[in-house]
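Chemist: Before I ask anything, here is the structure I am working with.
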Amino acid sequence: MCGIFGIVTKDDQPLGPILIEAAKRLTYRGYDSVGAATIRGEKIDLRKDVGRVDDVAAKYDFAEMTGSRGITQLRWATFGEPSQVNSQPHLDSDGDLVGAHNGNVVNNVELRQQFISEGLTVRSQNDGESCVHAVERYINKGYDFIDAIRLAYGDLAGDYAFVIGRVSDDKLYAIKKGSGLVVGLGEGFTCVSSDLPSILPLTRTIIRIQDGEIITLWAGRVELRSVKDGSVILRDPETVTETMDAVQKGGYPHFMLKEIHEQAQVAREVLHMLEGSSEVRTVLEKMRAARHLYFIGCGTSYHACLAGAVYFAQIAGRAAIPVLAPQFVPQYAPAVNHEDVGMFVSQSGETKDVLNALQIANAKGMTSFGLANVIGSTLTKATAGWLPLCCGYEISVPATKTFTNQVIAFLYMATRMAGHDTHQLEQIPELMEETIAAVAPQVEAIAAEINKWNDLYTLGYGTTYPIALEGALKLKEITYAHCEGMLSTEFKHGPLSAVSQGYPVIFVAGPEDVPLILSGINEVACRGGHAIAIGEEDARLRANANDVIFIPKSNPYINALLAVLPLQLLSYHMSVARGYDPDFPRNLSKTLTVD
Ligand code: M6R
């Protein structure tokens with residue numbers, strides 16, 4: 001959790017604007033609080049508070065900050081409530097060290113006690129401050145900076161990365177243990193960050209840092225050392241060729257809307273990748289031979305696992321067990337062995353719940369594969385093989401294009417496993433474009449009509465059941481309304497009692513399930529509820545539902561994929577109409593690296 005960025009320049013210069021820009025580009029990692037520090041000679045200028053980058057930067061005039069070294073941090077609170085004192089960066093006791101971290105120091109509470117008993121000045125509850133004191137305690141004992149960091153690394157339990165600097169020096173130092181860290185090398189400067197979006201506007205020459213490495217950054221060079229023995233590590237820089245377009249809004253008011261509209265394009269890319277991938281063959285061979293097959297993920301990625309399991313059963317006649325990653329540990333891990341195969345699904349590739357399950361699966365000898373968007377993420381390194389989602393950056397906290405590409409990847413694998421022609425899937429991108437164009441105005445109107453409700457249901461059956469769950473998650477996540485997704489047939493077993501005059505219930509109807517869905521629609525409509533159907537053009541749906549959102553004709557599998565598009569748009573419009581920012585819903589973060 002959280003995002004860090006640090007920069008070292010030759011001489012003192014205006015670093016404020018660079019830090020603000022870097023912080024904005026890390027906003028997707030956390031946005032409870034933001035802080036910036038610059039080091040100029042003997043002086044550290046530290047400004048920080050609770051709030052969004054623009055507001056805090058304007059209030060404390062980050063733009064005027066100067067120095068030869070700068071650090072900024074975006075916080076998503078875990079240890080310590082969002083407050084000014086818990087915001088990062090943090091100073092050491094006498095104010096000559098400054099540092100910030102991302103991730104979690106899990107022994108933070110014990111460490112704080114130790115620091116206090118050693119006479120250090122602890123000002124906050126935040127674990128980022130513990131990183132600074134962990135270095136300070138060894139500097140005080142006379143160790144040089146690198147050795148102090150190496151010893152601190154041994155004291156700080158958990159997964160984190162941090163950057164730290166001190167007065168009267170010309171360097172910054174950073175370390176990686178479990179959280180992402182990338183170094184950038186530019187003309188007259190070097191920088192380090194949790195992720196590429198903050199680095200790429202400055203330089204495309206980068207070095208990816210591995211766990212257990214300490215980096216020293218000077219303005220003109222960097223040095224990597226091993227935490228273990230302090231030895232120097234040689235690694236050539238690489239050049240990043242990706243464009244930065246993806247991290248701009250591209251004319252859309254929100255990243256979410258842009259990403260919804262990018263779905264057809266990234267669907268083309270993932271289909272192209274899958275068709276040419278030798279990894280797919282390996283994955284399918286292992287899956288065919290597996291005793292049990294597990295699809296494992298959290299949140300939206302879990303919904304893709306559910307869809308994948310339906311596709312594998314219906315198309316390939318192969319049972320797969322979809323499971324929420326944290327539940328894999330108590331429910332399935334005790335029973336798995338080397339004959340089993342798991343597909344671990346995660347946009348970020350850093351979700352702690354998923355990595356925990358993966359670690360246990362690997363220890364039990366299970367063959368683990370990954371389906372991830374972020375290249376170089378922990379998941380991609382800890383699996384026997386992985387398939388990229390090919391979505392580019394997904395900035396908006398609500399997942400959209402990564403969900404549809406996860407579902408497409410499962411559909412593709414099920415189709416290949418069944419020995420069917422995968423070329424039939426090439427129609428998907430165009431159908432997605434048609435769907436968005438066809439439904440957009442009507443969905444916006446329905447959003448306005450039902451937006452007064454803070455309670456609603458989305459229901460599906462078979463292939464559309466995971467879609468109903470995903471629609472409900474999107475609605476909950478960005479409208480803050482309570483929306484429950486469930487199997488349509490279960491609604492009458494209790495929740496039907498919630499229906500009153502105008503109460504909205506959304507039915508996602510697969511083309512082969514219309515008769516069954518019609519029963520549910522009528523159970524709601526005859527009690528005064530507002531039944532909204534999403535499905536292919538069908539006179540029965542038109543005659544029975546209060547509103548029908550028609551999507552293009554395809555087949556039951558592609559239909560489910562298309563049906564999520566109006567639900568994404570519906571949640572987007574409801575969120576915006578409520579005055580919320582759908583890209584950054586309250587209390588949430590894009591990447592959940594905590595238990
Ligand atoms: O990066 P992951 O796919 O592992 O993330 C899992 C969930 O946190 C994520 O899908 C979350 O549910 C989405 N923000 C929902 O839109």
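Residues in the structure tokens are named by chain (A, B, ... in the order shown) and by number from 1 within that chain; ligands are numbered from 1 in the order shown.
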Identify, on the basis of only C-alpha atoms, every residue whose closest approach to A:Val192 does not exceed 6 Å; exclude the query and any residue fewer than 3 positions from it along the same chain; express the result as a PyMOL selection string.
Modeler: chain A and resi 5-6+182-184
Chemist: List the spatial neighbours of stretch 116-133 of chain A as a short mmCIF file (atom, residue, chain, number, x, y, z; two decimals) with N, CA, C and O atoms, in the first residue's frame - criterion: any atom at most 8 Å away, only C-alpha atoms, same-chain residues fewer than 4 positions off excluded.
Modeler:
data_model
loop_
_atom_site.label_atom_id
_atom_site.label_comp_id
_atom_site.auth_asym_id
_atom_site.auth_seq_id
_atom_site.Cartn_x
_atom_site.Cartn_y
_atom_site.Cartn_z
N PHE A 79 -1.41 1.53 9.52
CA PHE A 79 -0.98 1.76 10.90
C PHE A 79 -1.18 3.24 11.23
O PHE A 79 -0.45 4.09 10.73
N GLY A 80 -2.16 3.54 12.09
CA GLY A 80 -2.41 4.93 12.45
C GLY A 80 -3.44 5.55 11.54
O GLY A 80 -3.39 5.39 10.32
N VAL A 85 0.13 13.90 11.59
CA VAL A 85 1.32 13.30 12.21
C VAL A 85 1.62 11.92 11.63
O VAL A 85 2.78 11.52 11.50
N ASN A 86 0.58 11.20 11.21
CA ASN A 86 0.81 9.88 10.62
C ASN A 86 1.15 9.95 9.14
O ASN A 86 1.51 8.94 8.53
N SER A 87 0.98 11.13 8.54
CA SER A 87 1.33 11.27 7.12
C SER A 87 2.84 11.11 6.98
O SER A 87 3.60 11.33 7.91
N GLN A 88 3.27 10.76 5.78
CA GLN A 88 4.70 10.57 5.52
C GLN A 88 5.17 11.65 4.55
O GLN A 88 4.35 12.23 3.86
N PRO A 89 6.47 11.93 4.44
CA PRO A 89 7.62 11.34 5.11
C PRO A 89 7.68 11.66 6.60
O PRO A 89 6.94 12.51 7.10
N HIS A 90 8.63 10.94 7.28
CA HIS A 90 8.86 11.14 8.71
C HIS A 90 10.32 11.53 8.96
O HIS A 90 11.22 11.11 8.22
N LEU A 91 10.51 12.26 10.07
CA LEU A 91 11.87 12.62 10.50
C LEU A 91 12.33 11.64 11.57
O LEU A 91 11.50 11.00 12.24
N ASP A 92 13.65 11.56 11.78
CA ASP A 92 14.16 10.81 12.93
C ASP A 92 14.09 11.72 14.17
O ASP A 92 13.53 12.83 14.10
N SER A 93 14.68 11.27 15.27
CA SER A 93 14.51 12.00 16.54
C SER A 93 15.00 13.43 16.46
O SER A 93 14.34 14.37 16.90
N ASP A 94 16.24 13.62 15.94
CA ASP A 94 16.76 14.99 15.92
C ASP A 94 16.58 15.69 14.58
O ASP A 94 17.15 16.77 14.36
N LEU A 97 17.41 12.98 9.59
CA LEU A 97 17.07 11.93 8.61
C LEU A 97 15.62 12.13 8.22
O LEU A 97 14.79 12.52 9.05
N VAL A 98 15.30 11.81 6.96
CA VAL A 98 13.90 11.86 6.55
C VAL A 98 13.64 10.68 5.61
O VAL A 98 14.48 10.36 4.76
N GLY A 99 12.50 10.01 5.80
CA GLY A 99 12.22 8.85 4.96
C GLY A 99 10.74 8.56 4.87
O GLY A 99 9.92 9.11 5.62
N ALA A 100 10.39 7.69 3.93
CA ALA A 100 8.99 7.29 3.74
C ALA A 100 8.97 5.88 3.19
O ALA A 100 9.93 5.44 2.56
N HIS A 101 7.88 5.18 3.42
CA HIS A 101 7.81 3.80 2.95
C HIS A 101 6.48 3.50 2.28
O HIS A 101 5.53 4.28 2.37
N ASN A 102 6.45 2.37 1.55
CA ASN A 102 5.15 1.79 1.20
C ASN A 102 5.16 0.33 1.65
O ASN A 102 6.23 -0.25 1.82
N ASN A 104 3.87 -2.67 4.55
CA ASN A 104 3.49 -2.83 5.95
C ASN A 104 4.62 -3.39 6.77
O ASN A 104 5.17 -4.43 6.44
N VAL A 105 4.94 -2.68 7.86
CA VAL A 105 5.91 -3.23 8.81
C VAL A 105 5.06 -3.87 9.90
O VAL A 105 4.44 -3.18 10.72
N ASN A 108 5.43 -3.29 13.77
CA ASN A 108 5.49 -1.86 14.07
C ASN A 108 5.27 -1.55 15.55
O ASN A 108 5.98 -0.75 16.14
N LEU A 111 8.27 -2.53 17.65
CA LEU A 111 9.40 -1.65 17.34
C LEU A 111 9.25 -0.29 17.99
O LEU A 111 10.20 0.26 18.55
N ARG A 112 8.03 0.26 17.94
CA ARG A 112 7.80 1.59 18.53
C ARG A 112 8.14 1.57 20.02
O ARG A 112 8.76 2.48 20.54
N ARG A 137 18.63 4.13 14.80
CA ARG A 137 19.21 3.47 16.00
C ARG A 137 20.61 2.94 15.69
O ARG A 137 21.47 2.91 16.56
N ALA A 152 18.71 -2.52 9.86
CA ALA A 152 17.29 -2.14 9.97
C ALA A 152 16.42 -3.14 9.22
O ALA A 152 15.35 -3.55 9.70
N LEU A 156 12.97 -4.97 10.60
CA LEU A 156 11.63 -4.58 10.10
C LEU A 156 10.97 -5.79 9.44
O LEU A 156 11.38 -6.22 8.35
N PHE A 162 11.36 1.29 1.20
CA PHE A 162 11.45 2.64 1.71
C PHE A 162 12.63 3.41 1.16
O PHE A 162 13.60 2.84 0.65
N ILE A 164 15.16 6.87 2.01
CA ILE A 164 15.58 7.67 3.16
C ILE A 164 16.79 8.52 2.76
O ILE A 164 17.59 8.12 1.92
#
Chemist: Enumerate residues in contact with ligand 1: an atom-to-atom distance of at most 8 Å, counting only C-alpha atoms and all ligand atoms. Format the result as a ChimeraX atom specification.
Modeler: /A:297-302,345-351,354,372,397-400,402-403,473-474,477,588-592
Chemist: With the cut-off set at 10 Å and counting only C-alpha atoms, tabulate each residue of stretch 378-410 of chain A with an atom at most that distance from an atom of stretch 251-274 of chain A, showing the nearest atom pair and its distance in Å to one decimal, ordered by chain and increasing number, as a tab-separated table.
Modeler:
residue	atom	partner	partner_atom	distance
A:Leu387	CA	A:Leu274	CA	8.0
A:Pro388	CA	A:Val270	CA	7.8
A:Leu389	CA	A:Val270	CA	6.1
A:Cys390	CA	A:Val270	CA	5.5
A:Cys391	CA	A:Val266	CA	5.3
A:Gly392	CA	A:Val266	CA	8.1
A:Tyr393	CA	A:Glu259	CA	9.1
A:Glu394	CA	A:Glu259	CA	7.0
A:Ile395	CA	A:Phe255	CA	6.4
A:Ser396	CA	A:Met256	CA	5.2
A:Val397	CA	A:Met256	CA	8.0
A:Pro398	CA	A:Met256	CA	7.2
A:Ala399	CA	A:Met256	CA	8.2
A:Thr400	CA	A:Ile260	CA	6.0
A:Lys401	CA	A:Gln263	CA	5.0
A:Thr402	CA	A:Gln263	CA	8.3
A:Phe403	CA	A:Gln263	CA	9.4
A:Thr404	CA	A:Gln263	CA	7.2
A:Asn405	CA	A:Ala267	CA	5.9
A:Gln406	CA	A:Val270	CA	9.2
A:Val407	CA	A:Ala267	CA	10.0
A:Ile408	CA	A:Ala267	CA	7.4
A:Ala409	CA	A:Val270	CA	7.4
Chemist: Show which residues sit within 7 Å of stretch 564-571 of chain A, as a short mmCIF file (atom, residue, chain, number, x, y, z; two decimals) with C-alpha atoms, in the first residue's frame. Count only C-alpha atoms, and ignore same-chain residues fewer than 4 positions away.
Modeler:
data_model
loop_
_atom_site.label_atom_id
_atom_site.label_comp_id
_atom_site.auth_asym_id
_atom_site.auth_seq_id
_atom_site.Cartn_x
_atom_site.Cartn_y
_atom_site.Cartn_z
CA ILE A 436 -21.05 0.32 -25.42
CA VAL A 439 -26.39 0.96 -24.31
CA VAL A 443 -27.90 3.32 -19.11
CA GLU A 444 -27.32 6.96 -18.24
CA ALA A 447 -28.90 5.59 -13.64
CA ILE A 467 -21.51 -10.93 -13.95
CA GLY A 471 -21.98 -5.55 -11.30
CA LYS A 474 -18.89 -2.07 -9.02
CA LEU A 475 -22.10 -0.46 -7.74
CA ILE A 478 -18.22 3.59 -6.34
CA THR A 479 -21.80 4.59 -5.40
CA ALA A 560 -22.04 -12.74 -20.27
CA SER A 575 -21.32 7.52 -8.88
#
Chemist: Using only C-alpha atoms, what table do you get, as a tab-separated table, when you list each residue of stretch 280-390 of chain A with an atom no more than 12 Å from stretch 200-224 of chain A, its nearest pair of atoms, and their distance in Å rounded to one decimal, rows by chain then rising number?
Modeler:
residue	atom	partner	partner_atom	distance
A:Ile375	CA	A:Arg208	CA	11.1
A:Gly376	CA	A:Arg208	CA	8.5
A:Ser377	CA	A:Arg208	CA	10.6
A:Thr378	CA	A:Asp211	CA	10.0
A:Lys381	CA	A:Gln210	CA	10.7
Chemist: Could you write those residues out with N, CA and C atoms, as a PDB file, in the first residue's frame?
Modeler:
ATOM      1  N   ILE A 375       3.322  -6.421 -15.287  1.00  0.00           N
ATOM      2  CA  ILE A 375       4.531  -7.168 -15.645  1.00  0.00           C
ATOM      3  C   ILE A 375       5.589  -6.928 -14.564  1.00  0.00           C
ATOM      4  N   GLY A 376       6.234  -7.990 -14.147  1.00  0.00           N
ATOM      5  CA  GLY A 376       7.273  -7.845 -13.125  1.00  0.00           C
ATOM      6  C   GLY A 376       6.724  -7.874 -11.712  1.00  0.00           C
ATOM      7  N   SER A 377       5.399  -8.026 -11.577  1.00  0.00           N
ATOM      8  CA  SER A 377       4.820  -8.051 -10.228  1.00  0.00           C
ATOM      9  C   SER A 377       5.212  -9.348  -9.513  1.00  0.00           C
ATOM     10  N   THR A 378       5.009  -9.366  -8.193  1.00  0.00           N
ATOM     11  CA  THR A 378       5.432 -10.515  -7.387  1.00  0.00           C
ATOM     12  C   THR A 378       4.792 -11.814  -7.881  1.00  0.00           C
ATOM     13  N   LYS A 381       6.458 -13.554 -10.660  1.00  0.00           N
ATOM     14  CA  LYS A 381       7.760 -14.167 -10.363  1.00  0.00           C
ATOM     15  C   LYS A 381       7.626 -15.424  -9.513  1.00  0.00           C
TER      16      LYS A 381
END
Chemist: So, counting only C-alpha atoms, which residue among A:Ile44, A:Val56, A:Ala539, A:Leu496 is closest to A:Lys24?
Modeler: A:Val56
Chemist: As an NGL selection string, please: all residues of stretch 278-522 of chain A that backbone DSSP puts in helix (DSSP H, G or I).
Modeler: :A and (278-289 or 299-316 or 325-331 or 333-335 or 352-363 or 378-382 or 401-417 or 422-450 or 462-479 or 488-493 or 495-498 or 511-522)
Chemist: So, with only C-alpha atoms as the atoms that count, which of A:Ala320, A:Leu26, A:Leu46, A:Met287 lies closest to A:Leu196?
Modeler: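 Smallest distance to A:Leu196 is found for A:Leu26.
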Chemist: Counting only C-alpha atoms, figure out which residue out of A:Phe550, A:Phe584, A:Tyr31, A:Trp386 gets nearest to A:Thr282.
Modeler: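 Nearest to A:Thr282: A:Trp386.
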Chemist: Considering only C-alpha atoms, can you say which of A:Glu523, A:Trp76, A:Gly462, A:Trp453 comes closest to A:Ala309?
Modeler: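 Nearest to A:Ala309: A:Gly462.
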Chemist: Mind pulling up the distance from atom CA of A:His292 to atom CA of A:Ala333?
Modeler: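 Computing it gives 11.7 Å between the two atoms.
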Chemist: With DSSP run on the backbone, what are the strand (DSSP E or B) residues within stretch 173-264 of chain A? I'd like them as a PyMOL selection string.
Modeler: chain A and resi 173-178+182-186+189-193+205-208+213-217+222-226+232-233+238-239
Chemist: Tell me, in Å to one decimal, how far atom CA of A:His303 is from atom CA of A:Asn559.
Modeler: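 Calculated distance between atom CA of A:His303 and atom CA of A:Asn559 is 15.7 Å.
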Chemist: May I ask for the distance between atom CA of A:Gly95 and atom CA of A:Ala134, given in Å to one decimal place?
Modeler: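 Result for atom CA of A:Gly95 versus atom CA of A:Ala134: 14.3 Å, one decimal.
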